[in-house]
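Q: Take a look at this one; I'll ask things after.
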Amino acid sequence: MTRMCAFSLIFFLVAAPVARADRVTDIVPLNARSQGMGQTGVNASNDSYAAFINPANLASKRNKPHFEIINAQIEGSENAGNALFSGRKNPMSLGDVYPYLKSNKGEWAGYRYSIYPNFTSRFLSVGLLYDAKFAAKYDLADPNIVGDTDKVTHKGYRRVMPTASLSFRLFGGILRFGYTLGLEYLGVVNSVVTSPDTKQLSHSNGIYEGIAVRNTAGLTLTLPYAHLPSFSFVARDIGNARYHGGGLREVRKMTFDGGVSYSTYFSRWLEMMLTADYRDITNQLGTGSRMRRLFTGTEIRVGKAVSLRGGYAQGYPAAGLGFRMNRLKMDLSYYKDERGDRLRDDGDDTFALQITWSLLNQ
């Protein structure tokens, strides 16, 4: 037991300092559990969101059939909460939150909400995802730039994606495979509104839209030895995802993610899992240093009802709590959402709450 504890501690202390990763993209919808574990999940996710993160893990032994009528998640930055409670403004409306942004120059106010009703079992998952995420800030004119004016920068996306996943297992679950087919509508905005006092502000202004078919395939290998070392590999946007039908003409290149995990069982009611993800292995997205694409996390399960989580992502720590009661699950997380383009450039304190209720016990 002493050796197991020592190895687990060394793993975390070594991995955490190098687990610095700029935001890769928002191409993979993440749930609150993953956010609290340093945005990991390639190897660790085995709930309904595994359809997006790694469909092979849908075939996990722990994944029982369930119909999640309610699977809702809401996230808000610290400044979005301040805007809501100080001025009773709707932080999801750029027009409403504009006075707060103007009085708190250079500070982001952002939010995200998603719903994902689905039916998920060990071998099949179907669902419909709606996911929206936007953020904005107000900046003063730069005196060093001739003709520069005050401006509002706003960025984000909204997506609607029906999905269908198949998964299966071999050799008692030692080897698992999975595939997800998704038809994604995506609207993306990343724009600057100059002289904003004279503009009609809305997150929908300047948005580019398109539709693409997205193919994701995953493989997970769990070795039948002590601590169940596990390895995963995921291919995303197989054959490239091409968006058509609107102003968004993006071609999203195929990328590859890897993940590993290691579990320590202290007793029947106490277990710890350490996990690390390496995103975009071939650097198709051009994010630079390998260390910027490494994420680490840990989860401690106390019985079947409580989970404690932590991790590192985008150069910042993350933390979370999970509660489970038969058909009801609730996950709370804290992390920093990187709004900038470099490591530790412009992090925004963000809090996430996800509530899931199923017709069947899980």
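Identifiers in the structure tokens: chain A, B, ... in order shown; residue index from 1 per chain; ligand index from 1 in order shown.
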From segment 104-222 of chain A, collect each residue whose DSSP state is helix (DSSP H, G or I) and return the set as a PyMOL selection string.
A: chain A and resi 171-173+196-198
Q: With all heavy atoms kept, could you save the residues just selected as a PDB file, in the first residue's frame?
A:
```pdb
ATOM      1  N   PHE A 171     -12.478  -9.680 -25.107  1.00  0.00           N
ATOM      2  CA  PHE A 171     -11.656 -10.237 -24.033  1.00  0.00           C
ATOM      3  C   PHE A 171     -12.066  -9.690 -22.658  1.00  0.00           C
ATOM      4  O   PHE A 171     -11.235  -9.283 -21.853  1.00  0.00           O
ATOM      5  CB  PHE A 171     -10.176  -9.964 -24.272  1.00  0.00           C
ATOM      6  CG  PHE A 171      -9.714 -10.295 -25.664  1.00  0.00           C
ATOM      7  CD1 PHE A 171      -9.280  -9.295 -26.520  1.00  0.00           C
ATOM      8  CD2 PHE A 171      -9.743 -11.607 -26.124  1.00  0.00           C
ATOM      9  CE1 PHE A 171      -8.871  -9.601 -27.805  1.00  0.00           C
ATOM     10  CE2 PHE A 171      -9.329 -11.914 -27.411  1.00  0.00           C
ATOM     11  CZ  PHE A 171      -8.886 -10.909 -28.262  1.00  0.00           C
ATOM     12  N   GLY A 172     -13.392  -9.678 -22.429  1.00  0.00           N
ATOM     13  CA  GLY A 172     -13.900  -9.237 -21.137  1.00  0.00           C
ATOM     14  C   GLY A 172     -13.696  -7.758 -20.865  1.00  0.00           C
ATOM     15  O   GLY A 172     -13.679  -7.334 -19.710  1.00  0.00           O
ATOM     16  N   GLY A 173     -13.575  -6.955 -21.915  1.00  0.00           N
ATOM     17  CA  GLY A 173     -13.415  -5.519 -21.742  1.00  0.00           C
ATOM     18  C   GLY A 173     -11.973  -5.053 -21.774  1.00  0.00           C
ATOM     19  O   GLY A 173     -11.717  -3.850 -21.651  1.00  0.00           O
ATOM     20  N   PRO A 196     -18.500  51.044 -29.992  1.00  0.00           N
ATOM     21  CA  PRO A 196     -19.681  50.203 -29.698  1.00  0.00           C
ATOM     22  C   PRO A 196     -20.908  50.960 -29.238  1.00  0.00           C
ATOM     23  O   PRO A 196     -21.998  50.423 -29.282  1.00  0.00           O
ATOM     24  CB  PRO A 196     -19.162  49.279 -28.577  1.00  0.00           C
ATOM     25  CG  PRO A 196     -18.000  50.005 -27.985  1.00  0.00           C
ATOM     26  CD  PRO A 196     -17.376  50.752 -29.103  1.00  0.00           C
ATOM     27  N   ASP A 197     -20.777  52.240 -28.815  1.00  0.00           N
ATOM     28  CA  ASP A 197     -21.957  52.986 -28.396  1.00  0.00           C
ATOM     29  C   ASP A 197     -22.952  53.164 -29.540  1.00  0.00           C
ATOM     30  O   ASP A 197     -24.134  53.379 -29.313  1.00  0.00           O
ATOM     31  CB  ASP A 197     -21.546  54.365 -27.868  1.00  0.00           C
ATOM     32  CG  ASP A 197     -20.925  54.280 -26.486  1.00  0.00           C
ATOM     33  OD1 ASP A 197     -21.391  53.458 -25.679  1.00  0.00           O
ATOM     34  OD2 ASP A 197     -19.957  55.016 -26.218  1.00  0.00           O
ATOM     35  N   THR A 198     -22.464  53.087 -30.771  1.00  0.00           N
ATOM     36  CA  THR A 198     -23.339  53.320 -31.922  1.00  0.00           C
ATOM     37  C   THR A 198     -23.769  52.020 -32.591  1.00  0.00           C
ATOM     38  O   THR A 198     -24.388  52.047 -33.645  1.00  0.00           O
ATOM     39  CB  THR A 198     -22.623  54.202 -32.961  1.00  0.00           C
ATOM     40  OG1 THR A 198     -21.454  53.499 -33.426  1.00  0.00           O
ATOM     41  CG2 THR A 198     -22.186  55.524 -32.341  1.00  0.00           C
TER      42      THR A 198
END
```
Q: Compile a residue-level contact table for segment 140-241 of chain A against segment 245-268 of chain A at a cut-off of 7 Å, reporting for every qualifying residue the shortest atom pair and its distance in Å to one decimal, with only C-alpha atoms counted, rows ordered by chain and ascending number, as a Markdown table.
A:
```
| residue | atom | partner | partner_atom | distance |
| --- | --- | --- | --- | --- |
| A:Tyr208 | CA | A:Leu248 | CA | 4.8 |
| A:Glu209 | CA | A:Leu248 | CA | 4.8 |
| A:Gly210 | CA | A:Gly246 | CA | 4.8 |
| A:Ile211 | CA | A:Gly245 | CA | 6.3 |
| A:His227 | CA | A:Ser263 | CA | 4.6 |
| A:Leu228 | CA | A:Ser263 | CA | 6.1 |
| A:Pro229 | CA | A:Tyr262 | CA | 4.8 |
| A:Ser230 | CA | A:Ser261 | CA | 5.3 |
| A:Phe231 | CA | A:Val260 | CA | 4.5 |
| A:Ser232 | CA | A:Gly259 | CA | 4.9 |
| A:Phe233 | CA | A:Gly258 | CA | 4.6 |
| A:Val234 | CA | A:Asp257 | CA | 5.1 |
| A:Ala235 | CA | A:Phe256 | CA | 4.7 |
| A:Arg236 | CA | A:Thr255 | CA | 5.3 |
| A:Asp237 | CA | A:Met254 | CA | 4.8 |
| A:Ile238 | CA | A:Met254 | CA | 5.3 |
| A:Gly239 | CA | A:Met254 | CA | 6.3 |
| A:Asn240 | CA | A:Lys253 | CA | 4.7 |
| A:Ala241 | CA | A:Arg252 | CA | 5.0 |
```
Q: Neighbours of Gly322 of chain A within 12 Å (only C-alpha atoms; same-chain residues fewer than 2 positions away dropped), as a compact mmCIF listing (two decimals) with N, CA, C and O atoms, in the first residue's frame?
A:
```txt
# COMPACT_ATOMS: atom_id res chain seq x y z
N ASN A 31 -17.88 17.85 -20.45
CA ASN A 31 -18.82 18.01 -19.34
C ASN A 31 -18.10 18.53 -18.11
O ASN A 31 -16.87 18.70 -18.09
N ALA A 32 -18.87 18.80 -17.05
CA ALA A 32 -18.29 19.40 -15.86
C ALA A 32 -17.28 18.47 -15.18
O ALA A 32 -16.31 18.94 -14.57
N ARG A 33 -17.50 17.17 -15.27
CA ARG A 33 -16.54 16.24 -14.68
C ARG A 33 -15.16 16.41 -15.33
O ARG A 33 -14.14 16.50 -14.65
N SER A 34 -15.11 16.44 -16.66
CA SER A 34 -13.85 16.61 -17.35
C SER A 34 -13.21 17.96 -17.03
O SER A 34 -11.99 18.05 -16.85
N GLN A 35 -14.03 19.02 -16.96
CA GLN A 35 -13.49 20.34 -16.64
C GLN A 35 -12.81 20.34 -15.28
O GLN A 35 -11.74 20.93 -15.09
N GLY A 36 -13.40 19.66 -14.30
CA GLY A 36 -12.82 19.60 -12.97
C GLY A 36 -11.59 18.72 -12.88
O GLY A 36 -10.82 18.81 -11.92
N MET A 37 -11.37 17.87 -13.89
CA MET A 37 -10.20 16.99 -13.95
C MET A 37 -9.19 17.50 -14.96
O MET A 37 -8.50 16.73 -15.64
N GLU A 299 -9.02 11.87 -9.90
CA GLU A 299 -10.34 11.75 -9.30
C GLU A 299 -10.27 10.74 -8.17
O GLU A 299 -9.75 9.64 -8.34
N ILE A 300 -10.78 11.13 -7.01
CA ILE A 300 -10.86 10.26 -5.85
C ILE A 300 -12.34 9.95 -5.61
O ILE A 300 -13.14 10.87 -5.41
N ARG A 301 -12.68 8.69 -5.64
CA ARG A 301 -14.07 8.28 -5.42
C ARG A 301 -14.21 7.75 -4.00
O ARG A 301 -13.47 6.85 -3.59
N VAL A 302 -15.17 8.29 -3.29
CA VAL A 302 -15.48 7.86 -1.93
C VAL A 302 -16.82 7.14 -1.99
O VAL A 302 -17.87 7.77 -2.12
N GLY A 303 -16.78 5.81 -1.92
CA GLY A 303 -18.01 5.04 -2.12
C GLY A 303 -18.52 5.23 -3.53
O GLY A 303 -17.76 5.44 -4.47
N LYS A 304 -19.83 5.17 -3.69
CA LYS A 304 -20.43 5.38 -5.01
C LYS A 304 -21.06 6.75 -5.15
O LYS A 304 -21.56 7.09 -6.22
N ALA A 305 -21.03 7.54 -4.07
CA ALA A 305 -21.81 8.78 -4.07
C ALA A 305 -20.99 10.04 -4.27
O ALA A 305 -21.51 11.03 -4.79
N VAL A 306 -19.72 10.06 -3.87
CA VAL A 306 -18.95 11.31 -3.84
C VAL A 306 -17.66 11.14 -4.62
O VAL A 306 -16.97 10.12 -4.51
N SER A 307 -17.31 12.17 -5.40
CA SER A 307 -16.05 12.19 -6.13
C SER A 307 -15.36 13.53 -5.92
O SER A 307 -16.02 14.59 -5.99
N LEU A 308 -14.06 13.50 -5.65
CA LEU A 308 -13.24 14.70 -5.53
C LEU A 308 -12.28 14.75 -6.70
O LEU A 308 -11.64 13.74 -7.03
N ARG A 309 -12.15 15.90 -7.34
CA ARG A 309 -11.39 15.99 -8.58
C ARG A 309 -10.41 17.16 -8.58
O ARG A 309 -10.61 18.14 -7.87
N GLY A 310 -9.40 17.04 -9.40
CA GLY A 310 -8.44 18.11 -9.59
C GLY A 310 -7.63 17.88 -10.84
O GLY A 310 -7.68 16.81 -11.44
N ALA A 319 -10.51 22.17 -10.34
CA ALA A 319 -11.01 21.37 -9.23
C ALA A 319 -12.48 21.10 -9.43
O ALA A 319 -13.18 21.84 -10.14
N GLY A 320 -12.98 20.03 -8.79
CA GLY A 320 -14.38 19.71 -8.94
C GLY A 320 -14.89 18.74 -7.90
O GLY A 320 -14.11 18.09 -7.19
N ARG A 324 -23.62 11.61 -6.61
CA ARG A 324 -24.42 10.66 -7.38
C ARG A 324 -25.40 9.95 -6.48
O ARG A 324 -25.03 9.44 -5.42
N MET A 325 -26.68 9.94 -6.89
CA MET A 325 -27.74 9.29 -6.12
C MET A 325 -28.69 8.59 -7.09
O MET A 325 -29.61 9.22 -7.62
N LEU A 328 -29.93 10.50 -10.17
CA LEU A 328 -29.52 11.91 -10.20
C LEU A 328 -28.02 12.04 -10.01
O LEU A 328 -27.43 11.41 -9.14
N LYS A 329 -27.40 12.89 -10.84
CA LYS A 329 -26.00 13.23 -10.70
C LYS A 329 -25.85 14.74 -10.74
O LYS A 329 -26.53 15.43 -11.50
N MET A 330 -24.93 15.25 -9.92
CA MET A 330 -24.62 16.67 -9.93
C MET A 330 -23.11 16.84 -9.88
O MET A 330 -22.44 16.25 -9.03
N ASP A 331 -22.58 17.66 -10.79
CA ASP A 331 -21.15 17.91 -10.85
C ASP A 331 -20.89 19.41 -10.80
O ASP A 331 -21.53 20.20 -11.52
N LEU A 332 -19.94 19.80 -9.95
CA LEU A 332 -19.52 21.19 -9.81
C LEU A 332 -18.04 21.27 -10.13
O LEU A 332 -17.25 20.43 -9.66
N SER A 333 -17.63 22.29 -10.88
CA SER A 333 -16.23 22.42 -11.26
C SER A 333 -15.81 23.88 -11.31
O SER A 333 -16.63 24.77 -11.55
N ALA A 352 -18.66 25.78 -13.28
CA ALA A 352 -19.58 24.94 -14.07
C ALA A 352 -20.46 24.12 -13.15
O ALA A 352 -20.00 23.62 -12.12
N LEU A 353 -21.72 23.97 -13.53
CA LEU A 353 -22.68 23.12 -12.82
C LEU A 353 -23.39 22.27 -13.84
O LEU A 353 -23.93 22.78 -14.83
N GLN A 354 -23.41 20.95 -13.62
CA GLN A 354 -24.12 20.03 -14.50
C GLN A 354 -25.04 19.15 -13.68
O GLN A 354 -24.63 18.59 -12.65
N ILE A 355 -26.28 19.03 -14.14
CA ILE A 355 -27.27 18.19 -13.47
C ILE A 355 -27.80 17.19 -14.48
O ILE A 355 -28.20 17.55 -15.59
N THR A 356 -27.77 15.92 -14.10
CA THR A 356 -28.22 14.85 -14.97
C THR A 356 -29.24 14.00 -14.22
O THR A 356 -29.00 13.59 -13.09
```
Q: Pick the closest to Glu107 of chain A from A:Asp47, A:Asp346, A:Asp277, A:Asp131: which is it, counting only C-alpha atoms?
A: A:Asp346
Q: Please identify all polymer residues within 6 Å of Ser125 of chain A, counting only C-alpha atoms, omitting same-chain residues fewer than 4 positions from it, and present them as a ChimeraX atom specification.
A: /A:119-120,164-165
